[in-house]
file data-v7.cif (mmCIF, C-alpha atoms and all ligand atoms)
data_run
#
loop_
_atom_site.label_atom_id
_atom_site.label_comp_id
_atom_site.auth_asym_id
_atom_site.auth_seq_id
_atom_site.Cartn_x
_atom_site.Cartn_y
_atom_site.Cartn_z
CA MET I 1 -9.53 31.51 2.69
CA THR I 2 -5.97 30.91 1.37
CA GLU I 3 -5.68 31.21 -2.39
CA SER I 4 -2.58 30.61 -4.45
CA VAL I 5 -1.31 29.44 -7.79
CA ILE I 6 -0.02 25.90 -7.27
CA THR I 7 2.88 24.72 -9.35
CA PRO I 8 3.85 21.05 -9.22
CA ARG I 9 7.00 20.15 -7.25
CA ASN I 10 7.96 16.51 -7.43
CA ARG I 11 10.56 13.93 -6.52
CA GLY I 12 10.17 11.22 -9.11
CA PHE I 13 6.56 10.08 -9.12
CA LEU I 14 5.85 11.73 -5.74
CA PHE I 15 4.47 15.26 -5.72
CA LEU I 16 4.69 17.50 -2.67
CA ASP I 17 1.43 19.38 -3.31
CA ALA I 18 -1.94 18.66 -4.81
CA HIS I 19 -4.26 20.86 -6.85
CA PRO I 20 -7.76 21.10 -5.29
CA ALA I 21 -9.56 22.11 -8.49
CA GLY I 22 -7.75 19.41 -10.44
CA CYS I 23 -8.59 16.77 -7.82
CA ARG I 24 -12.23 17.85 -7.92
CA GLU I 25 -12.30 17.55 -11.69
CA VAL I 26 -10.75 14.06 -11.47
CA VAL I 27 -13.62 12.96 -9.22
CA ASP I 28 -16.25 14.68 -11.37
CA GLY I 29 -14.77 13.07 -14.49
CA MET I 30 -14.84 9.60 -12.92
CA TRP I 31 -18.44 10.19 -11.92
CA ARG I 32 -19.43 11.28 -15.43
CA ASP I 33 -17.70 8.25 -17.00
CA LEU I 34 -19.23 5.66 -14.68
CA PRO I 35 -21.95 3.52 -16.19
CA SER I 36 -25.12 4.69 -14.50
CA ARG I 37 -27.19 2.59 -12.15
CA ASP I 38 -29.61 0.29 -13.82
CA GLU I 39 -32.97 0.86 -12.17
CA GLU I 40 -34.15 -2.53 -13.38
CA ASN I 41 -31.49 -4.26 -11.32
CA GLY I 42 -33.58 -3.42 -8.31
CA ALA I 43 -31.22 -0.81 -6.89
CA ALA I 44 -32.92 1.34 -4.29
CA SER I 45 -33.99 4.91 -4.84
CA ALA I 46 -32.14 7.90 -3.36
CA GLY I 47 -31.51 7.66 0.37
CA GLU I 48 -32.58 4.06 0.82
CA GLY I 49 -29.73 2.15 -0.76
CA PRO I 50 -27.55 -0.47 0.90
CA VAL I 51 -25.19 0.67 3.65
CA ALA I 52 -21.54 0.30 2.70
CA LEU I 53 -18.18 0.91 4.31
CA VAL I 54 -15.24 1.61 2.00
CA ILE I 55 -11.82 1.50 3.64
CA GLY I 56 -9.24 3.40 1.59
CA SER I 57 -11.89 5.60 -0.05
CA SER I 58 -9.76 8.55 -1.17
CA ALA I 59 -7.52 7.09 -3.88
CA GLY I 60 -7.07 4.40 -6.49
CA TYR I 61 -9.34 1.40 -6.22
CA GLY I 62 -11.04 2.57 -3.01
CA LEU I 63 -12.05 5.87 -4.58
CA ALA I 64 -13.34 3.92 -7.57
CA ALA I 65 -15.27 1.66 -5.16
CA THR I 66 -16.85 4.67 -3.48
CA LEU I 67 -17.90 6.42 -6.67
CA ALA I 68 -19.03 3.25 -8.44
CA GLY I 69 -20.93 2.19 -5.32
CA LEU I 70 -22.73 5.52 -5.18
CA LYS I 71 -23.62 5.64 -8.84
CA ARG I 72 -24.07 1.99 -9.68
CA ALA I 73 -25.30 0.34 -6.49
CA GLY I 74 -26.96 3.35 -4.85
CA ILE I 75 -24.97 2.94 -1.65
CA ARG I 76 -24.89 5.24 1.35
CA GLY I 77 -22.54 4.84 4.26
CA ILE I 78 -18.99 5.57 5.31
CA GLY I 79 -15.63 6.11 3.62
CA ILE I 80 -12.39 5.92 5.58
CA CYS I 81 -9.00 7.16 4.49
CA PHE I 82 -5.80 8.56 5.96
CA GLU I 83 -5.03 12.00 4.58
CA ARG I 84 -3.05 15.08 5.60
CA GLU I 85 -4.61 18.49 6.05
CA GLY I 86 -3.01 21.48 4.30
CA GLY I 87 -0.63 23.82 6.13
CA PRO I 88 1.31 27.01 5.51
CA ARG I 89 3.97 25.27 3.39
CA ARG I 90 2.12 22.46 1.70
CA THR I 91 -1.36 21.89 0.37
CA ALA I 92 -3.51 19.09 1.74
CA THR I 93 -2.99 15.69 0.15
CA ALA I 94 -4.78 14.89 -3.07
CA GLY I 95 -6.95 12.36 -1.21
CA TRP I 96 -8.17 15.12 1.11
CA TYR I 97 -9.38 17.18 -1.85
CA ARG I 98 -10.81 14.15 -3.65
CA THR I 99 -12.76 13.28 -0.50
CA ALA I 100 -14.27 16.78 -0.37
CA ALA I 101 -15.29 16.40 -4.02
CA THR I 102 -16.67 12.87 -3.48
CA ALA I 103 -18.78 14.13 -0.58
CA ASP I 104 -20.27 16.79 -2.86
CA VAL I 105 -21.02 14.25 -5.55
CA ALA I 106 -22.73 12.01 -2.96
CA ARG I 107 -24.77 14.91 -1.60
CA ALA I 108 -25.87 15.95 -5.09
CA ALA I 109 -26.96 12.36 -5.72
CA GLY I 110 -29.01 12.40 -2.50
CA ARG I 111 -26.85 9.81 -0.72
CA ASP I 112 -25.89 10.01 2.94
CA MET I 113 -22.13 9.48 2.95
CA ALA I 114 -19.84 10.20 5.91
CA PHE I 115 -16.05 10.37 5.59
CA LEU I 116 -13.66 9.62 8.42
CA ASN I 117 -10.03 10.67 8.26
CA GLY I 118 -8.16 8.26 10.49
CA ASP I 119 -6.05 5.14 10.81
CA ALA I 120 -8.17 2.17 9.71
CA PHE I 121 -5.82 -0.13 11.63
CA ALA I 122 -6.71 1.47 14.97
CA ASP I 123 -9.50 0.13 17.17
CA THR I 124 -10.61 3.70 17.89
CA THR I 125 -11.50 4.10 14.21
CA LYS I 126 -13.43 0.82 14.31
CA GLN I 127 -15.34 2.07 17.36
CA GLN I 128 -16.16 5.34 15.60
CA VAL I 129 -17.53 3.43 12.63
CA ALA I 130 -19.62 1.18 14.86
CA GLU I 131 -21.14 4.26 16.51
CA LEU I 132 -21.83 5.94 13.19
CA LEU I 133 -23.47 2.79 11.87
CA ARG I 134 -25.71 2.63 14.91
CA GLU I 135 -26.58 6.31 15.06
CA ARG I 136 -26.91 7.17 11.43
CA PHE I 137 -27.30 4.07 9.31
CA GLY I 138 -29.79 1.94 11.19
CA GLY I 139 -27.17 -0.33 12.79
CA ARG I 140 -26.69 -2.58 9.77
CA LEU I 141 -23.87 -2.85 7.29
CA ASP I 142 -24.58 -4.52 3.95
CA HIS I 143 -21.17 -4.28 2.26
CA LEU I 144 -17.54 -3.65 3.17
CA ILE I 145 -14.81 -2.96 0.60
CA TYR I 146 -11.25 -3.18 1.90
CA SER I 147 -8.80 -1.26 -0.31
CA VAL I 148 -5.99 -0.08 1.93
CA ALA I 149 -2.42 0.31 0.70
CA ALA I 150 -0.22 1.39 3.59
CA PRO I 151 3.46 1.30 4.48
CA ARG I 152 2.96 0.55 8.20
CA ARG I 153 0.46 -0.90 10.63
CA THR I 154 0.41 -0.89 14.41
CA ASP I 155 -1.19 -4.00 15.89
CA PRO I 156 -3.70 -2.75 18.49
CA ASP I 157 -3.24 -5.90 20.62
CA THR I 158 0.52 -5.68 21.03
CA GLY I 159 1.39 -2.10 20.09
CA THR I 160 3.98 -3.50 17.65
CA THR I 161 4.41 -1.46 14.47
CA TYR I 162 5.08 -3.47 11.29
CA ALA I 163 6.58 -2.07 8.08
CA SER I 164 5.90 -3.51 4.64
CA VAL I 165 8.72 -3.83 2.11
CA LEU I 166 8.79 -4.52 -1.64
CA LYS I 167 11.42 -7.21 -2.06
CA PRO I 168 11.85 -10.45 -3.96
CA VAL I 169 11.85 -13.65 -1.92
CA GLY I 170 14.81 -16.01 -2.21
CA ALA I 171 17.20 -14.26 -4.58
CA ALA I 172 18.06 -10.68 -5.55
CA HIS I 173 16.18 -9.45 -8.61
CA ARG I 174 17.25 -7.14 -11.40
CA THR I 175 14.50 -5.40 -13.33
CA LYS I 176 14.23 -2.78 -16.01
CA THR I 177 12.59 0.35 -14.75
CA LEU I 178 11.36 3.65 -16.14
CA VAL I 179 12.42 7.03 -14.78
CA PHE I 180 12.09 10.56 -16.08
CA ASP I 181 14.92 13.09 -15.83
CA ARG I 182 14.44 16.69 -14.69
CA ASP I 183 13.26 17.75 -18.12
CA GLY I 184 10.78 14.90 -18.32
CA ALA I 185 12.87 12.81 -20.73
CA PRO I 186 12.34 9.05 -20.22
CA GLU I 187 15.18 6.76 -19.30
CA ILE I 188 15.25 2.97 -18.98
CA ARG I 189 17.52 1.77 -16.19
CA GLU I 190 18.24 -1.53 -14.54
CA VAL I 191 17.73 -1.66 -10.79
CA ASP I 192 18.69 -4.42 -8.38
CA THR I 193 16.59 -5.25 -5.36
CA ALA I 194 18.08 -7.34 -2.57
CA PRO I 195 16.03 -10.31 -1.36
CA ALA I 196 13.86 -10.29 1.73
CA GLU I 197 15.76 -11.01 4.89
CA GLY I 198 14.93 -11.53 8.54
CA ASP I 199 11.22 -11.07 9.14
CA ASP I 200 10.58 -8.94 6.01
CA VAL I 201 7.90 -11.37 4.79
CA GLU I 202 6.11 -11.52 8.16
CA GLN I 203 6.24 -7.74 8.51
CA THR I 204 4.76 -7.20 5.03
CA VAL I 205 2.07 -9.81 5.65
CA ALA I 206 1.24 -8.11 8.97
CA VAL I 207 0.61 -4.81 7.13
CA MET I 208 -0.89 -5.85 3.77
CA GLY I 209 -2.30 -9.31 4.57
CA GLY I 210 -5.76 -10.07 5.90
CA ALA I 211 -5.29 -9.41 9.64
CA ASP I 212 -6.87 -5.97 9.73
CA TRP I 213 -9.70 -6.89 7.34
CA GLU I 214 -10.56 -9.81 9.64
CA ARG I 215 -10.35 -7.54 12.67
CA TRP I 216 -12.91 -5.21 11.05
CA ILE I 217 -15.29 -8.10 10.48
CA ASP I 218 -14.75 -9.40 14.03
CA HIS I 219 -15.37 -5.95 15.47
CA LEU I 220 -18.59 -5.38 13.53
CA ALA I 221 -19.89 -8.93 13.97
CA ALA I 222 -19.32 -8.77 17.74
CA ARG I 223 -21.51 -5.66 17.84
CA ASP I 224 -24.21 -7.26 15.71
CA LEU I 225 -23.78 -4.73 12.93
CA LEU I 226 -23.61 -7.08 9.94
CA ALA I 227 -26.83 -7.26 7.94
CA ASP I 228 -28.23 -10.55 6.67
CA GLY I 229 -26.54 -11.35 3.38
CA PHE I 230 -23.59 -9.02 4.19
CA THR I 231 -20.85 -9.15 1.55
CA THR I 232 -17.24 -8.02 1.74
CA ALA I 233 -14.41 -7.80 -0.79
CA ALA I 234 -10.72 -7.00 -0.35
CA LEU I 235 -8.63 -5.89 -3.30
CA SER I 236 -5.87 -8.12 -4.56
CA TYR I 237 -3.44 -8.30 -7.48
CA ILE I 238 -1.75 -11.08 -9.43
CA GLY I 239 -0.12 -9.27 -12.33
CA SER I 240 2.25 -10.17 -15.10
CA PRO I 241 5.17 -12.63 -15.13
CA LEU I 242 7.25 -9.51 -15.93
CA THR I 243 6.64 -8.10 -12.45
CA ALA I 244 6.16 -11.40 -10.63
CA ALA I 245 9.56 -11.60 -8.92
CA LEU I 246 8.89 -8.31 -7.17
CA TYR I 247 5.14 -8.60 -6.88
CA ARG I 248 3.30 -11.91 -6.72
CA GLN I 249 6.35 -13.98 -5.74
CA GLY I 250 7.75 -11.21 -3.58
CA THR I 251 6.98 -10.01 -0.07
CA ILE I 252 3.82 -8.19 -1.20
CA GLY I 253 2.67 -11.35 -2.99
CA ALA I 254 2.97 -13.26 0.29
CA ALA I 255 0.69 -10.63 1.83
CA LYS I 256 -1.81 -11.03 -1.04
CA ALA I 257 -1.77 -14.83 -0.60
CA HIS I 258 -2.55 -14.25 3.10
CA LEU I 259 -5.37 -11.85 2.18
CA GLU I 260 -6.84 -14.44 -0.19
CA ALA I 261 -6.58 -17.18 2.46
CA THR I 262 -8.29 -14.85 4.94
CA ALA I 263 -11.14 -14.40 2.45
CA ARG I 264 -11.72 -18.14 2.37
CA THR I 265 -11.87 -18.36 6.18
CA LEU I 266 -14.10 -15.29 6.44
CA ASP I 267 -16.36 -16.63 3.72
CA GLU I 268 -17.07 -19.78 5.74
CA ARG I 269 -17.69 -17.80 8.89
CA LEU I 270 -19.96 -15.24 7.25
CA THR I 271 -21.98 -17.87 5.44
CA LYS I 272 -22.84 -19.41 8.78
CA LEU I 273 -23.26 -16.15 10.66
CA VAL I 274 -25.42 -14.02 8.35
CA GLY I 275 -25.66 -15.92 5.07
CA GLY I 276 -22.92 -13.59 3.83
CA ARG I 277 -19.88 -13.81 1.57
CA ALA I 278 -16.22 -12.73 1.70
CA VAL I 279 -14.12 -12.63 -1.46
CA THR I 280 -11.02 -11.04 -2.82
CA SER I 281 -11.31 -9.04 -6.01
CA VAL I 282 -8.27 -9.38 -8.25
CA ASN I 283 -8.01 -6.17 -10.23
CA GLY I 284 -5.90 -5.02 -13.13
CA ALA I 285 -2.86 -2.76 -13.01
CA ALA I 286 -3.60 0.93 -12.52
CA VAL I 287 -1.48 4.03 -12.00
CA THR I 288 -1.77 4.85 -8.31
CA GLN I 289 0.53 6.31 -5.70
CA SER I 290 1.14 2.80 -4.37
CA SER I 291 1.68 0.98 -7.66
CA THR I 292 4.19 3.47 -9.07
CA ALA I 293 6.40 2.93 -6.01
CA ILE I 294 7.10 -0.67 -7.13
CA PRO I 295 10.25 -1.05 -9.27
CA GLY I 296 9.39 -1.98 -12.87
CA VAL I 297 5.70 -1.20 -12.54
CA ALA I 298 5.91 2.23 -14.17
CA LEU I 299 7.55 0.67 -17.22
CA TYR I 300 5.03 -2.16 -17.25
CA LEU I 301 2.08 0.25 -17.05
CA GLY I 302 3.42 2.45 -19.86
CA LEU I 303 3.90 -0.61 -22.09
CA LEU I 304 0.51 -2.06 -21.16
CA ARG I 305 -1.13 1.19 -22.23
CA GLY I 306 0.98 1.16 -25.41
CA VAL I 307 -0.48 -2.26 -26.22
CA LEU I 308 -4.06 -1.75 -25.04
CA GLY I 309 -4.76 1.97 -25.42
CA ASP I 310 -8.34 2.75 -24.42
CA ALA I 311 -9.09 -0.97 -24.03
CA MET I 312 -7.49 -0.74 -20.57
CA VAL I 313 -10.36 -1.04 -18.11
CA SER I 314 -10.44 1.84 -15.62
CA PRO I 315 -10.62 1.13 -11.87
CA ALA I 316 -14.12 2.66 -11.83
CA GLY I 317 -15.23 0.40 -14.69
CA GLN I 318 -13.89 -2.65 -12.84
CA LEU I 319 -15.49 -1.61 -9.56
CA ALA I 320 -18.86 -1.08 -11.23
CA GLU I 321 -18.66 -4.76 -12.18
CA LEU I 322 -17.66 -5.72 -8.64
CA TRP I 323 -20.65 -3.86 -7.20
CA ASP I 324 -22.97 -5.65 -9.62
CA GLN I 325 -21.65 -8.95 -8.27
CA LEU I 326 -21.69 -7.94 -4.58
CA THR I 327 -25.26 -6.66 -4.75
CA GLY I 328 -26.48 -9.66 -6.72
CA ALA I 329 -27.35 -7.61 -9.81
CA THR I 330 -25.16 -10.16 -11.62
CA PRO I 331 -24.07 -13.53 -10.20
CA LEU I 332 -20.97 -13.63 -8.01
CA THR I 333 -18.45 -15.32 -10.29
CA LEU I 334 -15.32 -16.77 -8.67
CA ASP I 335 -12.20 -18.50 -9.95
CA GLY I 336 -11.01 -21.83 -8.53
CA GLU I 337 -9.48 -20.02 -5.58
CA GLY I 338 -12.56 -18.07 -4.59
CA ARG I 339 -11.55 -14.79 -6.21
CA VAL I 340 -13.53 -12.37 -8.38
CA ARG I 341 -11.36 -11.80 -11.45
CA LEU I 342 -11.52 -8.30 -12.93
CA ASP I 343 -8.03 -8.52 -14.40
CA ARG I 344 -8.66 -10.73 -17.43
CA TRP I 345 -8.26 -7.82 -19.85
CA GLU I 346 -4.71 -7.40 -18.48
CA LEU I 347 -3.64 -11.02 -18.13
CA SER I 348 -4.91 -12.47 -21.40
CA GLU I 349 -2.19 -14.36 -23.24
CA ASP I 350 -2.04 -12.11 -26.30
CA VAL I 351 -1.82 -8.94 -24.21
CA GLN I 352 0.92 -10.39 -22.00
CA GLN I 353 2.87 -11.60 -24.99
CA ALA I 354 2.71 -8.21 -26.69
CA VAL I 355 3.79 -6.43 -23.49
CA ALA I 356 6.66 -8.91 -22.97
CA GLU I 357 7.95 -8.36 -26.52
CA ARG I 358 8.00 -4.61 -25.96
CA TRP I 359 9.54 -5.02 -22.50
CA HIS I 360 12.51 -6.92 -23.95
CA LYS I 361 13.00 -4.31 -26.68
CA ALA I 362 12.72 -1.35 -24.30
CA THR I 363 15.76 0.90 -24.01
CA THR I 364 16.10 4.63 -23.43
CA GLU I 365 16.28 5.03 -27.22
CA THR I 366 13.28 2.84 -28.12
CA ILE I 367 10.88 3.38 -25.21
CA ALA I 368 8.97 6.31 -26.74
CA GLY I 369 7.82 4.08 -29.62
CA LEU I 370 6.85 1.16 -27.37
CA ALA I 371 5.07 2.69 -24.38
CA ASP I 372 2.39 5.34 -24.07
CA LEU I 373 4.57 7.65 -22.02
CA ASP I 374 2.40 10.74 -22.42
CA TRP I 375 -0.51 8.85 -20.90
CA PHE I 376 1.60 7.47 -18.05
CA HIS I 377 3.19 10.84 -17.29
CA ASP I 378 -0.21 12.55 -17.25
CA GLU I 379 -1.78 9.80 -15.13
CA VAL I 380 0.92 10.29 -12.49
CA ARG I 381 0.29 14.03 -12.47
CA ARG I 382 -3.47 13.52 -12.34
CA LEU I 383 -2.98 11.57 -9.07
CA TYR I 384 -2.21 14.99 -7.62
CA GLY I 385 -4.74 16.99 -9.63
CA PHE I 386 -2.32 18.24 -12.26
CA ALA I 387 -2.63 17.73 -16.05
CA VAL I 388 -6.41 17.54 -15.76
CA PRO I 389 -8.10 18.89 -18.90
CA GLY I 390 -10.31 21.93 -18.30
CA VAL I 391 -8.52 23.17 -15.16
CA ASP I 392 -7.00 26.66 -15.24
CA TYR I 393 -3.61 26.13 -13.58
CA ALA I 394 -2.68 29.81 -13.90
CA ALA I 395 -5.60 30.81 -11.65
CA ALA I 396 -5.25 31.17 -7.88
CA THR I 397 -7.18 28.42 -6.12
CA ALA I 398 -8.34 27.98 -2.53
CA THR I 399 -6.27 25.31 -0.77
CA ASP I 400 -7.81 25.23 2.72
CA ILE I 401 -10.78 23.11 1.77
CA PRO I 402 -12.53 21.80 4.92
CA TRP I 403 -13.02 18.09 5.57
CA PRO I 404 -16.57 17.31 4.45
CA ARG I 405 -19.42 17.40 6.91
CA SER I 406 -21.28 15.34 4.40
CA ALA I 407 -24.71 14.52 5.54
CA VAL I 408 -27.91 14.44 3.63
CA GLY I 409 -30.53 16.43 5.53
CA ARG I 410 -28.14 17.59 8.28
N1 LIG G 501 -2.85 -0.05 -8.21
C1 LIG G 501 -2.90 -1.25 -8.76
O1 LIG G 501 -2.35 -1.50 -9.85
C2 LIG G 501 -3.69 -2.34 -8.06
C3 LIG G 501 -4.11 -3.44 -8.81
C4 LIG G 501 -4.87 -4.43 -8.18
C5 LIG G 501 -5.15 -4.35 -6.84
N2 LIG G 501 -4.71 -3.26 -6.12
C6 LIG G 501 -5.00 -3.24 -4.69
O2 LIG G 501 -5.89 -2.19 -4.39
C7 LIG G 501 -5.70 -1.80 -3.02
C8 LIG G 501 -5.54 -0.29 -2.96
O3 LIG G 501 -4.37 0.06 -3.70
P1 LIG G 501 -4.29 1.41 -4.56
O4 LIG G 501 -3.24 1.19 -5.57
O5 LIG G 501 -5.66 1.81 -4.97
O6 LIG G 501 -3.72 2.40 -3.43
P2 LIG G 501 -3.73 3.98 -3.26
O7 LIG G 501 -2.39 4.34 -2.73
O8 LIG G 501 -4.21 4.65 -4.50
O9 LIG G 501 -4.85 4.21 -2.12
C9 LIG G 501 -4.67 3.75 -0.82
C10 LIG G 501 -5.82 4.20 0.04
O10 LIG G 501 -5.59 3.69 1.38
C11 LIG G 501 -5.77 4.74 2.31
N3 LIG G 501 -4.97 4.44 3.49
C12 LIG G 501 -3.62 4.24 3.56
N4 LIG G 501 -3.27 3.97 4.84
C13 LIG G 501 -4.41 3.99 5.58
C14 LIG G 501 -4.70 3.81 6.95
N5 LIG G 501 -3.74 3.50 7.83
N6 LIG G 501 -5.98 3.95 7.34
C15 LIG G 501 -6.98 4.28 6.47
N7 LIG G 501 -6.76 4.43 5.16
C16 LIG G 501 -5.49 4.29 4.72
C17 LIG G 501 -5.34 5.99 1.58
O11 LIG G 501 -5.84 7.16 2.22
C18 LIG G 501 -5.96 5.71 0.20
O12 LIG G 501 -7.34 6.05 0.25
C19 LIG G 501 -4.49 -2.57 -2.51
O13 LIG G 501 -4.92 -3.71 -1.83
C20 LIG G 501 -3.80 -2.96 -3.80
O14 LIG G 501 -2.98 -4.10 -3.67
C21 LIG G 501 -4.01 -2.25 -6.72
#
call {"tool": "encode", "arguments": {"input": "data-v7.cif", "output": "structure tokens"}}
result
Amino acid sequence: MTESVITPRNRGFLFLDAHPAGCREVVDGMWRDLPSRDEENGAASAGEGPVALVIGSSAGYGLAATLAGLKRAGIRGIGICFEREGGPRRTATAGWYRTAATADVARAAGRDMAFLNGDAFADTTKQQVAELLRERFGGRLDHLIYSVAAPRRTDPDTGTTYASVLKPVGAAHRTKTLVFDRDGAPEIREVDTAPAEGDDVEQTVAVMGGADWERWIDHLAARDLLADGFTTAALSYIGSPLTAALYRQGTIGAAKAHLEATARTLDERLTKLVGGRAVTSVNGAAVTQSSTAIPGVALYLGLLRGVLGDAMVSPAGQLAELWDQLTGATPLTLDGEGRVRLDRWELSEDVQQAVAERWHKATTETIAGLADLDWFHDEVRRLYGFAVPGVDYAAATATDIPWPRSAVGR
């Protein structure tokens, strides 16, 4: 067992190491904060709940989906993510440690939850899941949550690897952005992003659009693994006019439009096939490894928190609501474009107006009074298990945590 004191080393918002005890406490804290399952909603008792597959289960919205599903909807099933094991020079990724902690939480709750570490885009992973479903979960899948954020995808049919980019479409875009210097002092800068060129849009759509989600459904349907009434949701984002040029109207927005169009096609197919549903779930802004990589989003998130404080709805809180809708505990409520909207707290007119006013006033000198920078800074560190209350960072901690062999009764 390797034990060491782990001190954070970072480049901007990216940290090289993760803290296992901190990551565990993040998961335990999310679990404690989740609204508990309402027995009267007809959720099943331990061990007999619906079978779910969560793709992207180790971080951000997928982790929230896994924990909320376990606690709120009584799910069992499979989580898939793509994480790196620890080595002599670096710890494992935070998602590796969070998965170990999530498996323990599931086991303690009496839920059979298996975790696969692999490329969700590969057919071999899809085959593994099909086998697991058959061998361990009675050959029927009730729910699938698709929450992948990835920089690249290899198409199994052609072997072509696509890369997603974060660029505006049409014209270059200048945005304000938030950075922290070596001493942690905030600075507001302007950054220019060149417009998409060549096949940037197609490449981004090929990675972050609906192709792989549809391939999952095709794969499972062809093997007769979808239960009657099967429901599936993929995560989407609309966001503020302040980030629109780079997000919703940018290359990633084209991918989200494709994802939402895929939902509409899948919904028709699933209705006919198993009386099922496919939707996208539009969620609010959250600090994640993926979101903080988008220019302007760190500033936006800090200001949003400055405006909303604790009224920001956590990913776990939003996903608890999504599970209620997917399991029928509450009615599935869609907007005019067939999307579940869990982002209203972010996009309400008064909130957006208040954030926009602060955005325009934001300079290096004024930012501390406009944004909740302490919260944002801590949230970024918590993505890696640092800055988590109650964790003793001076203590040596074991870093070679094994991948979970999480099985109830095995
Ligand atoms: N963060 C936000 O503000 C926000 C808001 C609304 C919607 N969303 C959407 O939620 C989804 C997830 O984003 P996030 O911010 O939670 O991301 P994240 O970076 O926190 O998590 C991404 C997850 O995908 C997994 N993953 C990456 N590549 C994979 C691969 N090839 N195979 C298997 N798993 C892989 C990672 O292991 C991780 O579990 C995205 O569709 C995103 O657009 C995010």
call {"tool": "residues_near_ligand", "arguments": {"input": "data-v7.cif", "ligand": "ligand LIG 501 (chain G)", "cutoff": "7 Å", "atoms": "all atoms listed in the file", "output": "NGL selection string"}}
result
:I and (55-63 or 80-83 or 95 or 118-121 or 147-150 or 153 or 234-237 or 282-291)
call {"tool": "closest_atom_pairs", "arguments": {"input": "data-v7.cif", "of": "segment 302-323 of chain I", "to": "segment 376-399 of chain I", "cutoff": "12 Å", "atoms": "only C-alpha atoms", "output": "JSON lines"}}
result
{"residue": "I:Gly302", "atom": "CA", "partner": "I:Phe376", "partner_atom": "CA", "distance": 5.6}
{"residue": "I:Leu303", "atom": "CA", "partner": "I:Phe376", "partner_atom": "CA", "distance": 9.3}
{"residue": "I:Leu304", "atom": "CA", "partner": "I:Phe376", "partner_atom": "CA", "distance": 10.1}
{"residue": "I:Arg305", "atom": "CA", "partner": "I:Phe376", "partner_atom": "CA", "distance": 8.0}
{"residue": "I:Gly306", "atom": "CA", "partner": "I:Phe376", "partner_atom": "CA", "distance": 9.7}
{"residue": "I:Gly309", "atom": "CA", "partner": "I:Phe376", "partner_atom": "CA", "distance": 11.2}
{"residue": "I:Ser314", "atom": "CA", "partner": "I:Glu379", "partner_atom": "CA", "distance": 11.8}
call {"tool": "residues_around", "arguments": {"input": "data-v7.cif", "residues": "Gly77 of chain I", "least_positions_apart": "2", "cutoff": "8 Å", "atoms": "only C-alpha atoms", "output": "MDAnalysis selection string"}}
result
chainID I and resid 51:53 75 79 112:114 133 137
call {"tool": "atom_distance", "arguments": {"input": "data-v7.cif", "atom1": "atom CA of Asp372 of chain I", "atom2": "atom CA of Asp310 of chain I"}}
result
11.0 Å
call {"tool": "closest_residue", "arguments": {"input": "data-v7.cif", "among": "I:Leu301, I:Ala130, I:Ala244, I:Leu14", "to": "Asp374 of chain I", "atoms": "all atoms listed in the file"}}
result
I:Leu301
call {"tool": "closest_residue", "arguments": {"input": "data-v7.cif", "among": "I:Val179, I:Ala257, I:Leu326, I:Ile238", "to": "Arg11 of chain I", "atoms": "all atoms listed in the file"}}
result
I:Val179
call {"tool": "residues_near_point", "arguments": {"input": "data-v7.cif", "point": "(12.8, -5.1, -2.2)", "cutoff": "9 Å", "atoms": "all atoms listed in the file", "output": "PyMOL selection string"}}
result
chain I and resi 165-169+172-173+192-196+246+250-251+294-295
call {"tool": "write_last_selection", "arguments": {"input": "data-v7.cif", "atoms": "C-alpha atoms", "output": "PDB file, keeping the file's coordinate frame"}}
result
ATOM      1  CA  VAL I 165       8.720  -3.830   2.110  1.00  0.00           C
ATOM      2  CA  LEU I 166       8.790  -4.520  -1.640  1.00  0.00           C
ATOM      3  CA  LYS I 167      11.420  -7.210  -2.060  1.00  0.00           C
ATOM      4  CA  PRO I 168      11.850 -10.450  -3.960  1.00  0.00           C
ATOM      5  CA  VAL I 169      11.850 -13.650  -1.920  1.00  0.00           C
ATOM      6  CA  ALA I 172      18.060 -10.680  -5.550  1.00  0.00           C
ATOM      7  CA  HIS I 173      16.180  -9.450  -8.610  1.00  0.00           C
ATOM      8  CA  ASP I 192      18.690  -4.420  -8.380  1.00  0.00           C
ATOM      9  CA  THR I 193      16.590  -5.250  -5.360  1.00  0.00           C
ATOM     10  CA  ALA I 194      18.080  -7.340  -2.570  1.00  0.00           C
ATOM     11  CA  PRO I 195      16.030 -10.310  -1.360  1.00  0.00           C
ATOM     12  CA  ALA I 196      13.860 -10.290   1.730  1.00  0.00           C
ATOM     13  CA  LEU I 246       8.890  -8.310  -7.170  1.00  0.00           C
ATOM     14  CA  GLY I 250       7.750 -11.210  -3.580  1.00  0.00           C
ATOM     15  CA  THR I 251       6.980 -10.010  -0.070  1.00  0.00           C
ATOM     16  CA  ILE I 294       7.100  -0.670  -7.130  1.00  0.00           C
ATOM     17  CA  PRO I 295      10.250  -1.050  -9.270  1.00  0.00           C
TER      18      PRO I 295
END
call {"tool": "closest_residue", "arguments": {"input": "data-v7.cif", "among": "I:Thr175, I:Ser348, I:Thr271, I:Ser36", "to": "Gly229 of chain I", "atoms": "all atoms listed in the file"}}
result
I:Thr271
call {"tool": "residues_around", "arguments": {"input": "data-v7.cif", "residues": "Glu337 of chain I", "least_positions_apart": "5", "cutoff": "10 Å", "atoms": "only C-alpha atoms", "output": "MDAnalysis selection string"}}
result
chainID I and resid 260:261 263:264 279:280
call {"tool": "write_last_selection", "arguments": {"input": "data-v7.cif", "atoms": "C-alpha atoms", "output": "short mmCIF file (atom, residue, chain, number, x, y, z; two decimals), keeping the file's coordinate frame"}}
result
data_model
loop_
_atom_site.label_atom_id
_atom_site.label_comp_id
_atom_site.auth_asym_id
_atom_site.auth_seq_id
_atom_site.Cartn_x
_atom_site.Cartn_y
_atom_site.Cartn_z
CA GLU I 260 -6.84 -14.44 -0.19
CA ALA I 261 -6.58 -17.18 2.46
CA ALA I 263 -11.14 -14.40 2.45
CA ARG I 264 -11.72 -18.14 2.37
CA VAL I 279 -14.12 -12.63 -1.46
CA THR I 280 -11.02 -11.04 -2.82
#
